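S.K.: Contents are compact mmCIF, C-alpha atoms; file name work.txt:
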# COMPACT_ATOMS: atom_id res chain seq x y z
CA MET A 1318 -16.84 1.93 10.85
CA SER A 1319 -14.44 -0.82 9.91
CA ASP A 1320 -15.83 -4.25 9.13
CA LEU A 1321 -15.03 -7.01 11.60
CA VAL A 1322 -14.47 -10.68 10.81
CA ALA A 1323 -13.97 -12.81 13.94
CA LYS A 1324 -12.75 -16.40 13.90
CA PRO A 1325 -12.38 -17.62 17.49
CA SER A 1326 -10.82 -21.09 17.63
CA GLY A 1327 -10.09 -21.76 21.30
CA ALA A 1328 -10.37 -20.67 24.91
CA ALA A 1329 -8.33 -17.81 26.36
CA ALA A 1330 -8.33 -15.63 29.44
CA LEU A 1331 -8.63 -12.59 27.23
CA SER A 1332 -11.82 -12.26 25.22
CA GLY A 1333 -11.86 -11.24 21.60
CA ASP A 1334 -13.52 -7.98 22.56
CA GLN A 1335 -10.72 -7.22 24.98
CA ALA A 1336 -8.05 -8.09 22.41
CA LEU A 1337 -9.73 -5.91 19.86
CA ALA A 1338 -9.97 -3.02 22.30
CA ILE A 1339 -6.23 -3.24 22.99
CA ALA A 1340 -5.44 -3.28 19.28
CA GLN A 1341 -7.88 -0.52 18.49
CA ALA A 1342 -6.39 1.76 21.15
CA ASP A 1343 -2.96 1.45 19.58
CA ALA A 1344 -4.20 1.61 15.98
CA ALA A 1345 -6.23 4.75 16.63
CA ARG A 1346 -3.17 6.42 18.15
CA VAL A 1347 -0.95 5.66 15.15
CA TYR A 1348 -3.36 5.80 12.20
CA ARG A 1349 -5.36 8.98 11.73
CA ASP A 1350 -8.27 7.19 10.03
CA LEU A 1351 -9.32 3.53 10.28
CA PHE A 1352 -12.48 3.91 8.23
CA GLY A 1353 -11.20 2.10 5.13
CA TYR A 1354 -10.11 -1.08 6.91
CA ARG A 1355 -11.63 -4.48 7.51
CA ILE A 1356 -10.62 -6.05 10.84
CA GLN A 1357 -9.90 -9.75 11.17
CA LEU A 1358 -9.67 -11.24 14.66
CA GLU A 1359 -8.43 -14.77 15.20
CA LEU A 1360 -7.14 -16.76 18.17
CA GLU A 1361 -3.94 -18.65 17.28
CA ASP A 1362 -1.48 -20.66 19.37
CA ASP A 1363 0.65 -17.55 19.96
CA GLY A 1364 -2.23 -15.25 20.89
CA TRP A 1365 -4.92 -13.09 19.36
CA HIS A 1366 -4.14 -11.94 15.84
CA VAL A 1367 -5.79 -8.65 14.97
CA ASP A 1368 -5.29 -7.55 11.37
CA TYR A 1369 -6.50 -4.37 9.70
CA ASP A 1370 -6.65 -4.77 5.93
CA LEU A 1371 -7.83 -2.32 3.30
CA LYS A 1372 -11.39 -3.01 2.21
CA ASP A 1373 -10.65 -2.31 -1.47
CA PRO A 1374 -8.06 -4.79 -2.82
CA ARG A 1375 -7.13 -2.39 -5.63
CA HIS A 1376 -5.90 0.28 -3.22
CA LYS A 1377 -2.27 0.86 -2.29
CA GLY A 1378 -1.53 1.10 1.40
CA GLY A 1379 -1.78 -0.95 4.53
CA GLY A 1380 -2.95 -1.17 8.09
CA PRO A 1381 -1.71 -2.27 11.50
CA HIS A 1382 -1.27 -5.91 12.46
CA TYR A 1383 -1.04 -7.25 16.01
CA VAL A 1384 -0.39 -10.38 18.01
CA ILE A 1385 -1.77 -9.99 21.55
CA ASP A 1386 -0.99 -12.37 24.40
CA ALA A 1387 -4.21 -14.26 25.10
CA TYR A 1388 -3.62 -14.27 28.87
CA THR A 1389 -1.84 -11.02 29.74
CA GLY A 1390 -3.17 -8.74 27.01
CA ALA A 1391 0.33 -7.58 26.14
CA ILE A 1392 1.04 -6.70 22.54
CA VAL A 1393 3.78 -9.20 21.69
CA ALA A 1394 4.16 -8.19 18.04
CA LYS A 1395 2.92 -5.36 15.89
CA ARG A 1396 3.53 -4.16 12.35
CA TYR A 1397 2.45 -0.85 10.85
CA GLU A 1398 2.00 -1.24 7.12
CA GLN A 1399 1.56 1.70 4.77
CA MET B 181 8.57 -2.47 -28.50
CA GLN B 182 8.30 -4.25 -25.14
CA ALA B 183 6.85 -3.20 -21.84
CA PRO B 184 9.64 -1.84 -19.60
CA THR B 185 10.51 -3.67 -16.43
CA ALA B 186 10.41 -2.07 -12.99
CA THR B 187 14.21 -2.03 -12.98
CA GLU B 188 14.33 -0.28 -16.34
CA LEU B 189 11.77 2.29 -15.23
CA LEU B 190 13.68 3.06 -12.05
CA SER B 191 16.77 3.85 -14.12
CA GLU B 192 14.87 6.57 -16.02
CA LEU B 193 15.52 10.12 -14.81
CA ALA B 194 11.90 11.16 -15.43
CA VAL B 195 10.65 8.33 -13.22
CA GLN B 196 13.17 9.17 -10.50
CA GLN B 197 12.05 12.80 -10.60
CA ALA B 198 8.37 11.82 -10.40
CA LEU B 199 9.08 9.68 -7.34
CA GLU B 200 11.02 12.50 -5.68
CA GLN B 201 8.31 15.05 -6.40
CA ALA B 202 5.67 12.71 -4.98
CA TRP B 203 7.87 12.17 -1.94
CA MET B 204 8.15 15.90 -1.27
CA ASP B 205 4.43 16.38 -1.80
CA SER B 206 3.78 13.64 0.79
CA LEU B 207 5.03 15.96 3.55
CA PRO B 208 6.99 13.19 5.31
CA GLY B 209 8.31 15.67 7.87
CA ASP B 210 4.88 16.73 9.03
CA PRO B 211 3.36 14.15 11.43
CA ARG B 212 -0.13 15.59 11.17
CA ARG B 213 -0.32 16.07 7.42
CA ARG B 214 1.89 13.35 5.91
CA HIS B 215 -0.02 11.29 3.37
CA GLU B 216 0.51 9.04 0.38
CA GLU B 217 1.03 10.51 -3.08
CA GLY B 218 1.46 8.74 -6.38
CA GLY B 219 0.24 8.11 -9.86
CA TRP B 220 0.74 6.18 -13.07
CA ILE B 221 3.57 5.72 -15.55
CA TYR B 222 2.51 5.50 -19.21
CA LEU B 223 4.35 4.37 -22.30
CA ASP B 224 3.38 5.86 -25.65
CA THR B 225 3.12 2.81 -27.89
CA ILE B 226 3.95 4.89 -31.00
CA THR B 227 6.90 6.98 -29.83
CA GLY B 228 8.12 4.92 -26.88
CA ALA B 229 8.08 8.00 -24.65
CA LEU B 230 7.28 7.74 -20.95
CA ALA B 231 4.80 10.05 -19.26
CA MET B 232 3.59 10.37 -15.69
CA ARG B 233 0.20 11.37 -14.33
CA ARG B 234 -0.55 12.08 -10.67
CA ALA B 235 -3.54 10.82 -8.73
CA PRO B 236 -5.41 12.88 -6.13
CA PRO B 237 -3.63 12.83 -2.75
CA GLY B 238 -4.27 9.79 -0.61
CA ALA B 239 -4.61 9.27 3.13
CA GLN B 240 -1.93 8.55 5.72
CA ALA B 241 -1.59 4.92 4.57
CA ASP B 242 -4.03 4.52 1.69
CA LEU B 243 -4.03 5.61 -1.96
CA ASP B 244 -6.49 4.84 -4.74
CA LEU B 245 -4.75 4.20 -8.07
CA SER B 246 -7.51 2.01 -9.48
CA THR B 247 -8.75 4.37 -12.20
CA PRO B 248 -5.94 5.80 -14.34
CA PRO B 249 -6.90 8.59 -16.76
CA VAL B 250 -6.72 7.71 -20.44
CA VAL B 251 -3.62 9.08 -22.16
CA PRO B 252 -3.82 9.02 -25.98
CA SER B 253 -1.83 6.21 -27.68
CA SER B 254 -0.45 5.17 -24.28
CA VAL B 255 -0.80 2.30 -21.84
CA VAL B 256 -0.06 2.13 -18.10
CA VAL B 257 3.22 0.31 -17.49
CA ALA B 258 3.57 0.91 -13.72
CA THR B 259 2.22 2.76 -10.73
CA PHE B 260 4.24 4.74 -8.22
CA HIS B 261 3.49 5.98 -4.74
CA THR B 262 5.07 7.01 -1.47
CA HIS B 263 5.33 5.61 2.03
CA PRO B 264 5.73 8.84 4.01
CA ASN B 265 5.45 7.42 7.52
CA PRO B 266 8.86 7.04 9.20
CA SER B 267 10.48 3.69 9.79
CA ALA B 268 12.04 5.22 12.92
CA GLU B 269 8.54 5.23 14.43
CA GLY B 270 7.96 1.57 13.61
CA TRP B 271 6.40 1.88 10.16
CA GLU B 272 7.30 -0.68 7.51
CA PRO B 273 9.00 1.18 4.65
CA GLY B 274 8.65 -1.60 2.08
CA PRO B 275 5.66 -2.88 0.14
CA SER B 276 2.61 -3.85 2.16
CA ALA B 277 0.63 -6.99 1.44
CA ALA B 278 -1.99 -4.73 -0.18
CA ASP B 279 0.67 -3.09 -2.38
CA THR B 280 1.73 -6.48 -3.68
CA GLN B 281 -1.80 -7.82 -4.03
CA SER B 282 -3.07 -4.76 -5.90
CA ALA B 283 -0.04 -4.74 -8.21
CA TRP B 284 -0.72 -8.30 -9.30
CA LEU B 285 -4.44 -7.56 -9.53
CA LEU B 286 -3.95 -4.46 -11.68
CA GLY B 287 -1.20 -6.14 -13.71
CA VAL B 288 1.65 -3.62 -13.55
CA PRO B 289 4.72 -3.12 -11.33
CA CYS B 290 4.33 -0.94 -8.25
CA LEU B 291 7.18 1.47 -7.47
CA ILE B 292 7.45 2.89 -3.96
CA ARG B 293 9.48 5.76 -2.51
CA ALA B 294 10.04 5.40 1.24
CA ASP B 295 12.44 6.89 3.75
CA ASP B 296 14.94 4.10 3.18
CA GLY B 297 14.94 4.36 -0.61
CA VAL B 298 12.95 2.90 -3.48
CA HIS B 299 11.12 -0.45 -3.52
CA SER B 300 9.13 -2.34 -6.12
CA THR B 301 6.62 -5.16 -5.99
CA GLY B 302 4.20 -6.96 -8.27
CA PRO B 303 4.85 -8.30 -11.76
CA PRO B 304 8.24 -7.44 -13.27
CA SER B 305 6.54 -5.67 -16.17
CA ARG B 306 3.04 -4.98 -17.55
CA ARG B 307 1.04 -8.20 -17.82
CA GLY B 308 0.74 -9.32 -21.44
CA GLY B 309 3.12 -6.66 -22.78
CA LEU B 310 1.83 -3.50 -24.44
CA ALA B 311 -1.32 -5.08 -25.86
CA GLY B 312 -4.77 -4.61 -24.41
CA GLY B 313 -5.58 -0.96 -24.98
CA PRO B 314 -5.29 2.07 -22.69
CA GLY B 315 -5.18 1.92 -18.94
CA TYR B 316 -4.33 -1.26 -17.08
CA PRO B 317 -3.93 -4.56 -18.94
CA PRO B 318 -7.00 -6.78 -19.25
Kindly present the structure from the file in structure tokens form.
M.R.:
Amino acid sequence: MSDLVAKPSGAAALSGDQALAIAQADAARVYRDLFGYRIQLELEDDGWHVDYDLKDPRHKGGGPHYVIDAYTGAIVAKRYEQ
Amino acid sequence: MQAPTATELLSELAVQQALEQAWMDSLPGDPRRRHEEGGWIYLDTITGALAMRRAPPGAQADLDLSTPPVVPSSVVVATFHTHPNPSAEGWEPGPSAADTQSAWLLGVPCLIRADDGVHSTGPPSRRGGLAGGPGYPP
């Protein structure tokens, strides 16, 4: 599984687990394999930031990155790195 | 003799051909099998000739170029790889944060072939010039 680093910093209607589930559903649809990624979850002023980064810093490539509305659960920004 | 810059390497026909071959091998038109391909660019420190070596195929968005094979009398002056996932489907064609980070970590420019053309990131040329022995610079 991917590693998970969570840094909650405030209250929100949407829990970190819920934000991660939303991100994971999209990431698993777009990326065939998420095994090599570390997940960072952080609540910022503009919503939950969910970032998938390669575990090995010497590798080329990239993962998906999300900003998820902390109240509605909508994905307000996403970026698919490769 | 100096280490070539990314710009100089991209003007070399052999480098352009290596990028195009890697691009075709990436199967960018096949959604289920597209994957990253790439390798290393070497400079022979005696003759000045460039040579390319390919790495094993990578995953959809991940490629390990951390262990270049040793090529006699040569040093690694750049890496190259592909971004086969289409920008029309929302994928970023340019260098990822990991591409840039690994290029600076490994000490050589990183050349990328994507569906919108060729990109580069990392140091402008091999860190420390041609010194430091085979493989990546120390």
S.K.: Tell me which protein, DNA and RNA residues are within 10 Å of B:Thr187, counting only C-alpha atoms, leaving out same-chain ones fewer than 2 positions away, and put them as an MDAnalysis selection string.
M.R.: chainID B and resid 184:185 189:192 289 291 300 304:305
S.K.: Please report as an mmCIF file with C-alpha atoms, in the coordinates of the input which residues of chain A come no farther than 8 Å from chain B, using all atoms listed in the file.
M.R.:
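And here is the file that came out, out19.cif:
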data_model
loop_
_atom_site.group_PDB
_atom_site.id
_atom_site.type_symbol
_atom_site.label_atom_id
_atom_site.label_comp_id
_atom_site.auth_asym_id
_atom_site.auth_seq_id
_atom_site.Cartn_x
_atom_site.Cartn_y
_atom_site.Cartn_z
ATOM 1 C CA TYR A 1348 -3.360 5.800 12.200
ATOM 2 C CA ARG A 1349 -5.360 8.980 11.730
ATOM 3 C CA ASP A 1350 -8.270 7.190 10.030
ATOM 4 C CA ASP A 1370 -6.650 -4.770 5.930
ATOM 5 C CA LEU A 1371 -7.830 -2.320 3.300
ATOM 6 C CA PRO A 1374 -8.060 -4.790 -2.820
ATOM 7 C CA ARG A 1375 -7.130 -2.390 -5.630
ATOM 8 C CA HIS A 1376 -5.900 0.280 -3.220
ATOM 9 C CA LYS A 1377 -2.270 0.860 -2.290
ATOM 10 C CA GLY A 1378 -1.530 1.100 1.400
ATOM 11 C CA GLY A 1379 -1.780 -0.950 4.530
ATOM 12 C CA GLY A 1380 -2.950 -1.170 8.090
ATOM 13 C CA ARG A 1396 3.530 -4.160 12.350
ATOM 14 C CA TYR A 1397 2.450 -0.850 10.850
ATOM 15 C CA GLU A 1398 2.000 -1.240 7.120
ATOM 16 C CA GLN A 1399 1.560 1.700 4.770
#
S.K.: If I take atom CA of A:Leu1351 and atom CA of A:Tyr1388, how far is one from the other in Å, to one decimal?
M.R.: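 Separation between atom CA of A:Leu1351 and atom CA of A:Tyr1388: 26.4 Å.
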S.K.: Could you work out how far atom CA of B:Trp203 lies from atom CA of A:Tyr1369, giving the answer in Å with one decimal?
M.R.: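 Pair atom CA of A:Tyr1369 / atom CA of B:Trp203 returns 24.8 Å.
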S.K.: By how many Å are atom CA of B:Ile221 and atom CA of B:Pro249 apart?
M.R.: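 Here the two named atoms are 10.9 Å from each other.
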S.K.: Residues around (1.2, 0.6, -26.5), cut-off 6 Å, counting only C-alpha atoms - what are they as a ChimeraX atom specification?
M.R.: /B:224-225,254-255,310
